[in-house]
$ cat coords.cif   # mmCIF, C-alpha atoms
data_start
#
loop_
_atom_site.label_atom_id
_atom_site.label_comp_id
_atom_site.auth_asym_id
_atom_site.auth_seq_id
_atom_site.Cartn_x
_atom_site.Cartn_y
_atom_site.Cartn_z
CA MET S 1 0.00 0.00 0.00
CA GLU S 2 2.84 2.33 0.91
CA ASN S 3 4.53 1.57 -2.41
CA ILE S 4 1.33 2.47 -4.29
CA ILE S 5 1.06 5.79 -2.47
CA ASN S 6 4.70 6.58 -3.16
CA THR S 7 4.27 5.68 -6.82
CA VAL S 8 1.26 8.00 -7.10
CA GLU S 9 3.15 10.82 -5.39
CA VAL S 10 6.10 10.39 -7.73
CA PHE S 11 3.75 10.36 -10.74
CA PHE S 12 2.02 13.58 -9.63
CA ASN S 13 5.34 15.27 -8.88
CA GLU S 14 6.80 14.33 -12.23
CA ASN S 15 3.65 15.18 -14.21
CA SER S 16 2.23 18.07 -12.17
CA ASN S 17 2.14 20.44 -15.13
CA LEU S 18 0.31 17.92 -17.28
CA ILE S 19 -2.16 17.19 -14.48
CA ARG S 20 -2.87 20.91 -14.01
CA ILE S 21 -3.45 21.31 -17.73
CA ILE S 22 -5.78 18.32 -17.84
CA GLY S 23 -7.56 19.49 -14.67
CA GLY S 24 -7.97 22.98 -16.11
CA ILE S 25 -9.37 21.63 -19.36
CA LEU S 26 -11.77 19.37 -17.47
CA LEU S 27 -12.99 22.35 -15.40
CA LEU S 28 -13.41 24.40 -18.55
CA ILE S 29 -15.42 21.62 -20.22
CA LEU S 30 -17.44 21.04 -17.03
CA PHE S 31 -18.48 24.68 -16.69
CA ALA S 32 -19.06 25.03 -20.45
CA VAL S 33 -21.36 21.99 -20.52
CA PHE S 34 -23.32 22.76 -17.35
CA LYS S 35 -23.33 26.59 -17.49
CA ASN S 36 -27.00 26.75 -18.53
CA LYS S 37 -28.12 24.28 -15.88
CA LEU S 38 -26.11 26.08 -13.19
CA SER S 39 -27.57 29.41 -14.31
CA SER S 40 -31.16 28.11 -14.38
CA GLY S 41 -30.85 26.37 -11.01
CA LEU S 42 -29.40 29.42 -9.26
CA LEU S 43 -31.97 31.75 -10.83
CA ASN S 44 -34.87 29.44 -9.96
CA PHE S 45 -33.80 29.41 -6.34
CA THR S 46 -33.18 33.17 -6.21
CA SER S 47 -36.41 34.12 -8.00
CA LEU S 48 -38.49 31.86 -5.75
CA LEU S 49 -36.82 33.43 -2.74
CA LEU S 50 -37.45 36.99 -3.91
CA PHE S 51 -40.77 36.68 -5.78
CA SER S 52 -42.45 33.54 -4.49
CA LYS S 53 -45.97 34.83 -5.22
CA ASP S 54 -45.40 36.73 -8.45
CA ASN S 55 -44.84 34.56 -11.52
CA GLU S 56 -44.45 37.56 -13.85
CA LYS S 57 -41.60 39.08 -11.86
CA ARG S 58 -39.98 35.69 -11.39
CA GLU S 59 -40.03 34.99 -15.12
CA ALA S 60 -38.71 38.48 -15.89
CA LEU S 61 -35.77 37.98 -13.53
CA GLN S 62 -34.91 34.59 -15.01
CA LYS S 63 -35.24 35.79 -18.60
CA SER S 64 -33.05 38.87 -18.13
CA LEU S 65 -30.25 37.24 -16.11
CA LYS S 66 -30.04 33.72 -17.58
CA LYS S 67 -27.59 34.51 -20.39
CA PRO S 68 -25.31 36.82 -18.33
CA LEU S 69 -25.15 34.25 -15.51
CA ALA S 70 -24.38 31.44 -17.96
CA ALA S 71 -21.63 33.61 -19.43
CA PHE S 72 -20.25 34.12 -15.91
CA PHE S 73 -19.98 30.36 -15.31
CA ALA S 74 -18.26 29.93 -18.68
CA LEU S 75 -15.84 32.74 -17.76
CA LEU S 76 -15.28 31.16 -14.35
CA GLY S 77 -14.37 27.85 -16.00
CA LEU S 78 -11.96 29.60 -18.34
CA PHE S 79 -10.41 31.54 -15.45
CA LEU S 80 -9.87 28.40 -13.36
CA CYS S 81 -8.45 26.58 -16.38
CA VAL S 82 -5.88 29.32 -16.95
CA TYR S 83 -5.20 30.33 -13.35
CA ILE S 84 -4.21 26.87 -12.06
CA ASN S 85 -1.58 26.81 -14.77
CA PHE S 86 -0.54 30.47 -14.95
CA THR S 87 -0.92 32.45 -11.72
CA PHE S 88 -0.32 35.82 -13.29
CA ASN S 89 -1.85 39.11 -12.09
CA SER S 90 -2.97 39.76 -15.65
CA VAL S 91 -5.16 36.65 -15.47
CA ILE S 92 -6.88 37.92 -12.31
CA LYS S 93 -7.26 41.40 -13.79
CA SER S 94 -8.78 39.97 -16.98
CA PHE S 95 -11.21 37.93 -14.88
CA LYS S 96 -12.24 41.05 -12.93
CA ILE S 97 -12.85 42.97 -16.15
CA GLY S 98 -14.94 40.08 -17.48
CA VAL S 99 -16.99 39.98 -14.26
CA ILE S 100 -17.58 43.74 -14.42
CA LEU S 101 -18.83 43.50 -18.01
CA ILE S 102 -21.08 40.54 -17.22
CA VAL S 103 -22.57 42.28 -14.14
CA CYS S 104 -23.29 45.40 -16.21
CA TRP S 105 -24.78 43.22 -18.94
CA GLY S 106 -27.08 41.59 -16.41
CA LEU S 107 -28.18 44.95 -14.98
CA PHE S 108 -28.68 46.30 -18.49
CA ASN S 109 -31.01 43.40 -19.31
CA TYR S 110 -32.79 43.46 -15.97
CA LEU S 111 -33.70 47.13 -16.29
CA SER S 112 -35.90 46.53 -19.32
CA ASP S 113 -38.97 48.68 -19.84
CA ASN S 114 -41.55 45.95 -19.17
CA LEU S 115 -39.84 44.88 -15.95
CA ILE S 116 -39.70 48.43 -14.56
CA LEU S 117 -43.37 48.89 -15.43
CA SER S 118 -44.36 45.63 -13.71
CA LEU S 119 -42.36 46.47 -10.61
CA HIS S 120 -43.38 50.09 -10.10
CA PHE S 121 -46.41 50.96 -12.23
CA ASN S 122 -48.79 48.02 -11.84
CA ASP S 123 -51.83 50.28 -11.46
CA SER S 124 -51.19 52.26 -14.61
CA GLN S 125 -48.79 50.30 -16.78
CA ASN S 126 -51.24 50.41 -19.70
CA GLU S 127 -51.18 54.20 -19.81
CA LYS S 128 -48.98 55.35 -22.66
CA ILE S 129 -47.79 58.42 -20.78
CA ASN S 130 -46.29 56.28 -18.01
CA THR S 131 -44.80 53.89 -20.54
CA THR S 132 -43.07 56.80 -22.27
CA ALA S 133 -41.70 58.14 -19.01
CA ILE S 134 -40.43 54.77 -17.85
CA LYS S 135 -38.75 54.11 -21.18
CA PHE S 136 -36.93 57.41 -20.79
CA ILE S 137 -35.90 56.57 -17.21
CA SER S 138 -34.75 53.14 -18.36
CA THR S 139 -32.62 54.70 -21.10
CA ILE S 140 -30.95 57.05 -18.62
CA ILE S 141 -30.20 54.19 -16.23
CA ARG S 142 -28.76 52.09 -19.05
CA VAL S 143 -26.49 54.95 -20.11
CA ILE S 144 -25.30 55.25 -16.50
CA ILE S 145 -24.58 51.50 -16.42
CA VAL S 146 -22.54 51.71 -19.63
CA VAL S 147 -20.57 54.70 -18.32
CA PHE S 148 -20.00 52.89 -15.02
CA ALA S 149 -18.72 49.82 -16.89
CA ILE S 150 -16.31 51.92 -18.95
CA VAL S 151 -14.96 53.71 -15.87
CA MET S 152 -14.46 50.44 -13.96
CA VAL S 153 -12.71 48.74 -16.89
CA VAL S 154 -10.43 51.74 -17.42
CA SER S 155 -9.62 51.71 -13.69
CA GLU S 156 -8.80 47.99 -13.77
CA LEU S 157 -6.49 48.58 -16.72
CA GLY S 158 -4.46 50.91 -14.50
CA TYR S 159 -5.35 54.26 -16.03
CA ASN S 160 -6.13 57.36 -13.96
CA ILE S 161 -9.90 57.80 -14.09
CA ASN S 162 -9.97 61.26 -12.47
CA GLY S 163 -9.52 62.95 -15.83
CA LEU S 164 -12.16 60.75 -17.40
CA ILE S 165 -14.69 61.49 -14.64
CA THR S 166 -13.93 65.21 -14.89
CA GLY S 167 -14.42 65.09 -18.67
CA ILE S 168 -17.73 63.29 -18.31
CA GLY S 169 -18.88 65.88 -15.76
CA VAL S 170 -17.85 68.83 -17.92
CA GLY S 171 -19.43 67.23 -20.97
CA GLY S 172 -22.66 66.60 -19.11
CA LEU S 173 -22.75 70.21 -17.89
CA ALA S 174 -22.14 71.54 -21.41
CA ILE S 175 -24.90 69.37 -22.82
CA SER S 176 -27.35 70.41 -20.09
CA LEU S 177 -26.61 74.12 -20.69
CA ALA S 178 -27.00 73.72 -24.44
CA ALA S 179 -30.31 71.91 -24.05
CA GLN S 180 -32.01 73.86 -21.27
CA ASP S 181 -35.36 73.98 -23.04
CA ALA S 182 -35.27 70.27 -23.78
CA VAL S 183 -34.35 69.48 -20.17
CA SER S 184 -37.14 71.77 -18.91
CA ASN S 185 -39.65 69.98 -21.12
CA LEU S 186 -38.42 66.59 -19.91
CA ILE S 187 -38.74 67.64 -16.26
CA SER S 188 -42.22 68.97 -17.00
CA GLY S 189 -43.00 65.64 -18.63
CA PHE S 190 -42.10 63.87 -15.38
CA ILE S 191 -44.33 66.32 -13.46
CA ILE S 192 -47.22 65.41 -15.77
CA VAL S 193 -46.52 61.71 -15.18
CA ILE S 194 -46.43 62.12 -11.39
CA GLU S 195 -49.38 64.50 -10.96
CA LYS S 196 -51.46 63.07 -13.84
CA PRO S 197 -53.49 66.24 -14.60
CA PHE S 198 -54.70 64.54 -17.79
CA LYS S 199 -54.18 61.49 -19.97
CA GLU S 200 -54.75 60.59 -23.59
CA GLY S 201 -58.36 60.74 -24.70
CA GLU S 202 -59.39 63.36 -22.13
CA TYR S 203 -60.79 66.76 -23.08
CA ILE S 204 -58.85 69.66 -21.56
CA GLU S 205 -58.52 73.43 -21.78
CA THR S 206 -55.17 75.18 -21.45
CA LYS S 207 -53.60 78.38 -22.77
CA GLY S 208 -56.87 79.29 -24.47
CA ILE S 209 -56.99 75.95 -26.33
CA GLN S 210 -59.70 73.33 -25.91
CA GLY S 211 -59.41 69.86 -27.31
CA THR S 212 -58.85 66.14 -26.84
CA VAL S 213 -55.41 64.99 -25.73
CA GLU S 214 -54.19 62.85 -28.60
CA GLU S 215 -50.58 62.10 -27.67
CA VAL S 216 -48.36 62.70 -24.66
CA SER S 217 -44.59 62.40 -24.91
CA MET S 218 -41.81 63.42 -22.55
CA ARG S 219 -41.20 66.61 -24.55
CA SER S 220 -44.63 67.78 -25.69
CA THR S 221 -48.38 67.14 -25.71
CA LYS S 222 -50.57 67.05 -28.82
CA ILE S 223 -54.16 68.31 -28.57
CA ARG S 224 -56.84 67.82 -31.23
CA THR S 225 -59.15 70.86 -31.18
CA LEU S 226 -62.82 70.93 -32.18
CA ASP S 227 -61.93 72.30 -35.63
CA ASP S 228 -59.71 69.19 -36.09
CA SER S 229 -56.46 71.13 -35.80
CA LEU S 230 -53.57 69.33 -34.11
CA VAL S 231 -51.81 71.63 -31.65
CA THR S 232 -48.43 70.66 -30.18
CA ILE S 233 -47.65 72.30 -26.84
CA PRO S 234 -44.28 71.96 -25.05
CA ASN S 235 -44.74 70.33 -21.65
CA LYS S 236 -43.07 73.27 -19.88
CA SER S 237 -45.79 75.58 -21.21
CA LEU S 238 -48.45 73.21 -19.90
CA THR S 239 -47.04 73.00 -16.37
CA ASP S 240 -46.53 76.78 -16.25
CA ASP S 241 -50.18 77.45 -17.12
CA LYS S 242 -53.47 76.29 -15.62
CA ILE S 243 -54.97 73.07 -17.00
CA ILE S 244 -58.73 72.52 -16.90
CA ASN S 245 -59.58 68.83 -17.28
CA ILE S 246 -63.12 68.99 -18.58
CA THR S 247 -63.44 65.20 -18.87
CA ARG S 248 -63.00 64.81 -15.12
CA MET S 249 -65.85 67.19 -14.32
CA ASN S 250 -68.59 65.69 -12.19
CA LYS S 251 -71.06 68.20 -13.59
CA ARG S 252 -71.24 71.09 -16.08
CA LEU S 253 -72.61 74.56 -15.60
CA ILE S 254 -75.55 75.76 -17.68
CA ASP S 255 -75.77 79.55 -17.65
CA ILE S 256 -78.20 80.98 -20.23
CA GLU S 257 -79.27 84.62 -20.41
CA PHE S 258 -81.92 86.01 -22.73
CA GLY S 259 -84.10 89.10 -22.91
CA LEU S 260 -87.82 89.80 -23.31
CA VAL S 261 -89.31 92.99 -24.67
CA TYR S 262 -90.21 95.74 -22.18
CA SER S 263 -93.89 95.39 -23.00
CA THR S 264 -93.97 91.94 -21.33
CA LYS S 265 -96.34 91.86 -18.36
CA ASN S 266 -95.05 90.82 -14.94
CA GLU S 267 -97.48 87.91 -14.78
CA VAL S 268 -96.28 86.60 -18.12
CA MET S 269 -92.63 86.85 -17.03
CA LYS S 270 -93.34 84.97 -13.80
CA LYS S 271 -95.25 82.29 -15.73
CA CYS S 272 -92.31 81.89 -18.13
CA GLN S 273 -89.90 81.60 -15.20
CA GLN S 274 -91.99 78.94 -13.50
CA ASP S 275 -92.53 76.91 -16.69
CA ILE S 276 -88.79 76.90 -17.43
CA LYS S 277 -88.01 75.81 -13.86
CA ASP S 278 -90.63 73.05 -14.00
CA TYR S 279 -89.11 71.79 -17.26
CA LEU S 280 -85.61 71.71 -15.75
CA LEU S 281 -86.87 69.86 -12.65
CA LYS S 282 -88.35 67.15 -14.88
CA ASP S 283 -85.12 66.77 -16.88
CA GLU S 284 -83.23 63.78 -15.39
CA SER S 285 -79.92 65.14 -16.67
CA ILE S 286 -80.30 68.33 -14.62
CA ILE S 287 -79.12 68.37 -10.99
CA ASN S 288 -82.08 69.55 -8.91
CA SER S 289 -80.12 71.92 -6.72
CA PRO S 290 -79.44 74.66 -7.47
CA ILE S 291 -81.89 75.57 -10.23
CA ARG S 292 -82.44 79.30 -10.62
CA VAL S 293 -84.54 81.11 -13.23
CA GLU S 294 -84.29 84.78 -12.22
CA PHE S 295 -85.18 88.20 -13.45
CA GLU S 296 -81.53 89.22 -13.84
CA LYS S 297 -81.62 92.90 -14.81
CA LEU S 298 -83.27 95.75 -16.67
CA ASP S 299 -81.11 96.10 -19.74
CA ASP S 300 -81.16 98.94 -22.25
CA CYS S 301 -83.37 97.08 -24.70
CA SER S 302 -84.71 94.09 -22.76
CA LEU S 303 -85.88 92.52 -19.53
CA ASN S 304 -83.17 89.90 -18.98
CA LEU S 305 -83.86 86.45 -17.52
CA ASN S 306 -81.07 84.15 -16.40
CA VAL S 307 -81.19 80.33 -16.27
CA PHE S 308 -78.60 78.85 -13.89
CA CYS S 309 -78.24 75.12 -13.17
CA TYR S 310 -75.91 72.11 -13.50
CA THR S 311 -76.15 69.07 -15.74
CA LYS S 312 -74.73 65.60 -15.12
CA ILE S 313 -73.60 65.42 -18.75
CA THR S 314 -69.88 66.14 -19.01
CA ASP S 315 -69.03 64.89 -22.52
CA ILE S 316 -68.56 67.99 -24.67
CA HIS S 317 -70.61 66.74 -27.63
CA LYS S 318 -73.51 65.46 -25.52
CA TYR S 319 -73.37 68.68 -23.49
CA LYS S 320 -73.72 70.81 -26.63
CA THR S 321 -76.69 68.69 -27.73
CA HIS S 322 -78.27 69.11 -24.30
CA ILE S 323 -77.86 72.91 -24.44
CA ASN S 324 -79.45 72.83 -27.89
CA ASP S 325 -82.51 71.00 -26.52
CA ILE S 326 -82.83 73.36 -23.54
CA ASN S 327 -82.68 76.43 -25.80
CA TYR S 328 -85.42 75.02 -28.03
CA GLN S 329 -87.57 74.28 -25.00
CA ILE S 330 -87.07 77.79 -23.57
CA LYS S 331 -88.06 79.28 -26.94
CA THR S 332 -91.21 77.12 -27.00
CA ILE S 333 -92.15 78.15 -23.45
CA ILE S 334 -91.71 81.84 -24.24
CA GLU S 335 -93.82 81.56 -27.40
CA ASN S 336 -96.56 79.53 -25.66
CA ASN S 337 -96.91 82.26 -23.03
CA GLY S 338 -97.32 84.95 -25.66
CA ALA S 339 -94.05 86.71 -24.81
CA GLU S 340 -91.49 88.00 -27.29
CA PHE S 341 -87.71 87.93 -27.30
CA ALA S 342 -86.04 91.30 -27.33
CA PHE S 343 -83.36 92.39 -29.75
CA PRO S 344 -81.20 95.51 -29.80
CA SER S 345 -83.31 98.45 -30.93
CA SER S 346 -83.47 102.21 -30.72
CA SER S 347 -86.44 104.58 -30.57
CA ILE S 348 -86.16 107.91 -32.36
CA TYR S 349 -88.46 110.75 -31.31
CA ILE S 350 -88.94 113.73 -33.61
CA GLU S 351 -89.93 116.86 -31.77
CA LYS S 352 -92.59 119.00 -33.44
CA LYS S 353 -92.04 122.77 -33.43
#

$ encode --input "coords.cif" --output "structure tokens"
Amino acid sequence: MENIINTVEVFFNENSNLIRIIGGILLLILFAVFKNKLSSGLLNFTSLLLFSKDNEKREALQKSLKKPLAAFFALLGLFLCVYINFTFNSVIKSFKIGVILIVCWGLFNYLSDNLILSLHFNDSQNEKINTTAIKFISTIIRVIIVVFAIVMVVSELGYNINGLITGIGVGGLAISLAAQDAVSNLISGFIIVIEKPFKEGEYIETKGIQGTVEEVSMRSTKIRTLDDSLVTIPNKSLTDDKIINITRMNKRLIDIEFGLVYSTKNEVMKKCQQDIKDYLLKDESIINSPIRVEFEKLDDCSLNLNVFCYTKITDIHKYKTHINDINYQIKTIIENNGAEFAFPSSSIYIEKK
């Protein structure tokens, strides 16, 4: 037995280099063959640990990190194969650079648009405005990851990164100064995303423009007006001005003023007022309180009546139709009571001498 052990020791001592080469090759082959299984097994365990109750997040994690992790195991096999035969600092440095690139690759994949939406915007991930914002955030983060990878690799190669960092900072400052308006619009775009004063398909009024929001991007908002014009407004202008979201109204004001001729009797005016109020009370679209039909004022050419109430109809087209019906009904009531609408007129008196 002792002779066998001695023989083995002598064999290993005499063929140590060959054994290390064979061992390194075997490790390389082992990791190359089983890299996908090692990657899948580790990711399955990690994803179950982190997202045990969310299949979507678990699948997203596995999909984004499977290839980078498999590449890491392949790199690890190559590193072990080389390092057990050549223990050079350059081998370790090359391995570190490879790990840095693989880690950044994994982060780059993991920060995909759909994953960020599923993690942070579950309640509104179908809204295009949020999708646009998140895509922009994702792009910025990816750029940061790439810059970080470049800086780390340059540092590992032994170069002084202070100058590089200073250059990146100066370049970023120059770009931000040259694109102040663009940056302001982007920031305003984020404000719109966070505060959500409107979304696509809603009818709004801003800067004297009324229309339906057709498209929202991080730089501007497009509004389709009633005359079918497409107006593009920079987001900064929107956040600097008031925004009236008509779609989100719970009710709409109806405020109609008209005049009757001065020859109208008081009894007739009161009857017209009561008939109009009774009609509004019967209209299911009109909110019962407040409803006011009042003798507003004595104008130059007319006795002015004012109809003041609220309707439950908020859609602009249905609202216009409703106003149309109310105006026709008011005209019918006035005519049925024998009253006449006033119009601007002047009386000329010629003095006899």

$ atom_distance --input "coords.cif" --atom1 "CA of Ser94 (chain S)" --atom2 "CA of Lys67 (chain S)"
19.9 Å

$ atom_distance --input "coords.cif" --atom1 "CA of Asp227 (chain S)" --atom2 "CA of Asp255 (chain S)"
23.8 Å

$ resolve_selection --input "coords.cif" --expression "the PyMOL selection byres ((chain S and resi 107) around 12)" --output "list in words"
Leu61, Ser64, Leu65, Lys66, Lys67, Pro68, Leu69, Ile100, Leu101, Ile102, Val103, Cys104, Trp105, Gly106, Phe108, Asn109, Tyr110, Leu111, Ser112, Leu115, Ser138, Ile141, Arg142, Val143, Ile144, Ile145, Val146, Phe148 and Ala149 of chain S

$ resolve_selection --input "coords.cif" --expression "the PyMOL selection byres ((chain S and resi 96) around 12)" --output "PyMOL selection string"
chain S and resi 72+75-76+79+89-95+97-103+149+152-157

$ residues_near_point --input "coords.cif" --point "(-60.8, 70.1, -17.6)" --cutoff "6 Å" --atoms "only C-alpha atoms" --output "list in words"
Ile204, Glu205, Ile244, Asn245, Ile246 and Thr247 of chain S

$ residues_near_point --input "coords.cif" --point "(-79.6, 66.4, -13.3)" --cutoff "12 Å" --atoms "only C-alpha atoms" --output "list in words"
Asn250, Lys251, Arg252, Leu253, Ile254, Tyr279, Leu280, Leu281, Lys282, Asp283, Glu284, Ser285, Ile286, Ile287, Asn288, Ser289, Pro290, Ile291, Cys309, Tyr310, Thr311, Lys312, Ile313, Thr314 and His322 of chain S

$ resolve_selection --input "coords.cif" --expression "the PyMOL selection byres ((chain S and resi 26-35) around 12)" --output "PyMOL selection string"
chain S and resi 19-25+36-42+66-84

$ closest_residue --input "coords.cif" --among "S:Lys236, S:Lys207, S:Lys199, S:Lys222" --to "Ser184 (chain S)" --atoms "all atoms listed in the file"
S:Lys236

$ closest_residue --input "coords.cif" --among "S:Ile243, S:Ile323, S:Met269, S:Val231" --to "Glu335 (chain S)" --atoms "all atoms listed in the file"
S:Met269

$ atom_distance --input "coords.cif" --atom1 "CA of Asp228 (chain S)" --atom2 "CA of Thr321 (chain S)"
18.9 Å

$ axis_aligned_box --input "coords.cif" --around "region 284-303 of chain S" --padding-each-side "5 Å" --output "lines of an AutoDock Vina configuration file"
center_x = -82.5
center_y = 81.4
center_z = -15.7
size_x = 16.8
size_y = 45.2
size_z = 28.0
